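A short worksheet on the structure shown next.
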Amino acid sequence: MVISSLADIVHSMWKRRGQDAETSTKQTYLRFASRVPGIEEDIWILLTRHVTDSSRTSDYISLKVEVEDDLQGTTNFVEQTAIAAKGTYTNSTHVLVRVKVLASLPSGILSIFTSYDGDGIEVGFTIAAYASSNLDISWDETISIPPFTRKIHGILTSKNAGGNCTYPTFMSNPQYHLQIHPQRGQGSLQGSKAKLALTLQSSRETPVNISLVYSQGERIDEYVTLMLEELYTDKSQLWHGTSEKGNISSVISHGVWQTNSFFVAGNFTVILSAFEPHHMGPYTLSVDSSHPFDIKPIPQEGAGMYAKVIRGAWTVDTAAGGPTSDRYRRNPIFEIDIPALTQIKIRLQLIRPFTATSLNITIFPDSPDGTLRRHIATSGAYNDAISGVATPQLTLGAGKYLAVPSTYNPGVEVGFHLLIYTTVAGVKVSQRLQK
């Protein structure tokens, strides 16, 4: 291919401000149109970082380009279906990316993300675009700024960094209730679609992800529909999620995760996560929308309550299975001594989850002869969720109670722990010795 078409060179600058993460990202749009329909073409994008101090080697840059359809007949703001993310970092001053334009796409837009990670407060850069004479290319500077925006700053710590959805601690990740309102004059939520952009920024070393789930704004324990074939890779690709489904997510992206799409006005839960629970550090969540919205953090399970973690295990003698087994009473039994009226919730989780281990946790009143009478509360039907199972939050008076964790099938020898939340201090928990 002979390169004979050059769009005007763009000069810009990465700037770090305030509490924002060290990473800075700029988005640029390039329009293209084929002069000879039906021919596959290439567009080359060159990113060059300006060097002011050659002795500084801690400046990293990345370039990611995605092809978008050019949706005709819509406004400049909503016509962009931008799905893009950060590419691989390098401390080189140049990054070159080739983008293949399919023959079936006579015109469209390139969404170009340029990112910087380093100590510089202001770092200049240049973007140049090249193509053959069969393509007309030009920079698009008519993209409208979303009318509703908000930034949220937070930190992934040892208490809320739950890792990806294969960990039982995934439910501990930061979650937010996002409520998108219909635009003025649209009385019904149905049919009122908002253009929503979510951006999660972290340090270059922290691989991050956003999951957006249709909900009533409640905390999500487990994300059961997440596809894992390419999830959390070193490549900074983004899944082209459809807003008509119940959930959208993406593969992992180091430093920056971003996606734009259309959503019907309503309620959602936004879940932020890193790849591993040990990936911690500050983050910034940016929300940009064509519709008004509210967003607020969802308290973690047991927030404001006293918490105890009790470890146990089903052994050859105590792996008794569910109530249909005659040996149900041989399961580990934990005595809970409550000193005063309290609200209580108990979650049962495997220490090392593995496939198809259905669990249940049930609370019984204590009895003089130690028999298990009619239960007070239960987690419900046996469930093999990675996050485990939990009882409802209920109120119990002072006294002794019995908690019985069990697996559906007998003979499952594995370790577990109980997370016990109460609103009063001084609750004592001990495992009853088997007779």
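Residues are referred to by chain and number: the chain letter is A, B, ... according to the order shown in the structure tokens, the number counts from 1 in that chain, and ligands are numbered separately from 1 in the order shown.
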Next on the checklist: Set the distance at 12 Å and use only C-alpha atoms: which residues neighbour Pro368 of chain A once local chain neighbours fewer than 3 positions away are removed? I'd like the list as a count of residues only.
Outcome noted: 6
Item to check | 10 Å contact set for Ala303 of chain A, only C-alpha atoms, chain neighbours under 4 positions out, as a list in words | outcome: Ile298, Pro299, Ala307, Tyr421 and Thr423 of chain A
Taking N, CA, C and O atoms for each residue, export the selection above as a CSV table (one decimal), in the first residue's frame.
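Output saved as result-v2.csv:
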```csv
chain,number,residue,atom,x,y,z
A,298,ILE,N,-22.9,1.9,47.3
A,298,ILE,CA,-23.7,0.9,48.0
A,298,ILE,C,-22.9,0.3,49.2
A,298,ILE,O,-21.8,-0.2,49.0
A,299,PRO,N,-23.5,0.4,50.4
A,299,PRO,CA,-22.7,-0.1,51.5
A,299,PRO,C,-22.4,-1.6,51.4
A,299,PRO,O,-23.2,-2.4,50.8
A,307,ALA,N,-18.6,-7.8,63.2
A,307,ALA,CA,-18.3,-8.9,62.3
A,307,ALA,C,-17.4,-9.9,63.0
A,307,ALA,O,-16.4,-9.5,63.6
A,421,TYR,N,-22.5,-11.3,61.2
A,421,TYR,CA,-22.7,-9.9,61.4
A,421,TYR,C,-23.8,-9.7,62.4
A,421,TYR,O,-24.9,-10.2,62.3
A,423,THR,N,-25.6,-6.5,65.4
A,423,THR,CA,-25.6,-5.1,65.7
A,423,THR,C,-25.2,-4.8,67.2
A,423,THR,O,-25.2,-3.7,67.6
```
Item to check | Distance query Ala194 of chain A at most 6 Å, only C-alpha atoms, self and fewer than 4 positions along chain excluded, as a count of residues only | outcome: 4
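Counting only C-alpha atoms, the residue from A:Val424, A:Ala320, A:Ala398, A:Leu47 that sits nearest to Phe125 of chain A is A:Leu47.
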Checklist entry - Leaving out segment 153-157 of chain A and any residue of its chain fewer than 4 positions from it, which residues lie within 6 Å of it when counting only C-alpha atoms, given as a ChimeraX atom specification? => result /A:161,280-284
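Shortest atom-to-atom contact with Thr324 of chain A among A:Thr407, A:Ser104, A:Ala425, A:Arg311: A:Thr407, counting only C-alpha atoms.
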Next on the checklist: If we count only C-alpha atoms and set the cut-off at 8 Å, which residues sit around Thr126 of chain A, ignoring sequence neighbours fewer than 3 positions away in its own chain? Please answer as a PyMOL selection string.
Outcome noted: chain A and resi 9-12+47-50
Please produce a file of those selected residues containing N, CA, C and O atoms, as a compact mmCIF listing (two decimals), in the first residue's frame.
```txt
# COMPACT_ATOMS: atom_id res chain seq x y z
N ILE A 9 -1.86 16.95 11.40
CA ILE A 9 -1.26 16.45 12.63
C ILE A 9 -1.89 17.15 13.84
O ILE A 9 -2.11 18.36 13.81
N VAL A 10 -2.20 16.37 14.88
CA VAL A 10 -2.81 16.91 16.09
C VAL A 10 -1.76 17.02 17.17
O VAL A 10 -1.06 16.05 17.47
N HIS A 11 -1.64 18.20 17.75
CA HIS A 11 -0.75 18.42 18.89
C HIS A 11 -1.62 18.61 20.14
O HIS A 11 -2.58 19.39 20.11
N SER A 12 -1.27 17.92 21.20
CA SER A 12 -2.05 18.04 22.43
C SER A 12 -1.13 17.81 23.63
O SER A 12 0.09 17.69 23.48
N LEU A 47 1.61 7.80 17.31
CA LEU A 47 1.66 8.62 18.51
C LEU A 47 3.12 8.92 18.86
O LEU A 47 3.94 8.00 18.94
N THR A 48 3.45 10.19 19.06
CA THR A 48 4.80 10.60 19.41
C THR A 48 4.76 11.42 20.69
O THR A 48 4.03 12.43 20.77
N ARG A 49 5.51 10.99 21.68
CA ARG A 49 5.61 11.75 22.93
C ARG A 49 6.73 12.78 22.81
O ARG A 49 7.84 12.47 22.36
N HIS A 50 6.43 14.00 23.25
CA HIS A 50 7.45 15.06 23.22
C HIS A 50 8.41 14.88 24.39
O HIS A 50 7.98 14.62 25.52
```
Item to check | Pick from A:Ile333, A:Ile43, A:Ile210, A:Leu285 nearest to Tyr130 of chain A, counting only C-alpha atoms | outcome: A:Ile43
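Take atom CA of Ser325 of chain A and atom CA of Gln434 of chain A: the distance between them is 17.1 Å.
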Checklist entry - What's the 8 Å shell around segment 385-394 of chain A, counting only C-alpha atoms, without same-chain residues fewer than 3 positions away, as JSON, numbers by chain? => result {"A": [166, 167, 168, 169, 170, 171, 221, 222, 343, 344, 345, 346, 347, 348, 349, 350, 353, 358, 359, 360, 361, 362, 377, 378, 379, 380]}
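Using only C-alpha atoms for every distance, the candidate list A:Asp384, A:Pro207, A:Leu418, A:Ile109 yields A:Pro207 as the residue closest to Ala274 of chain A.
Considering the residues A:Asn134, A:Glu301, A:Pro147, A:Leu96 and counting only C-alpha atoms, Lys159 of chain A has its shortest atom-to-atom contact with A:Glu301.
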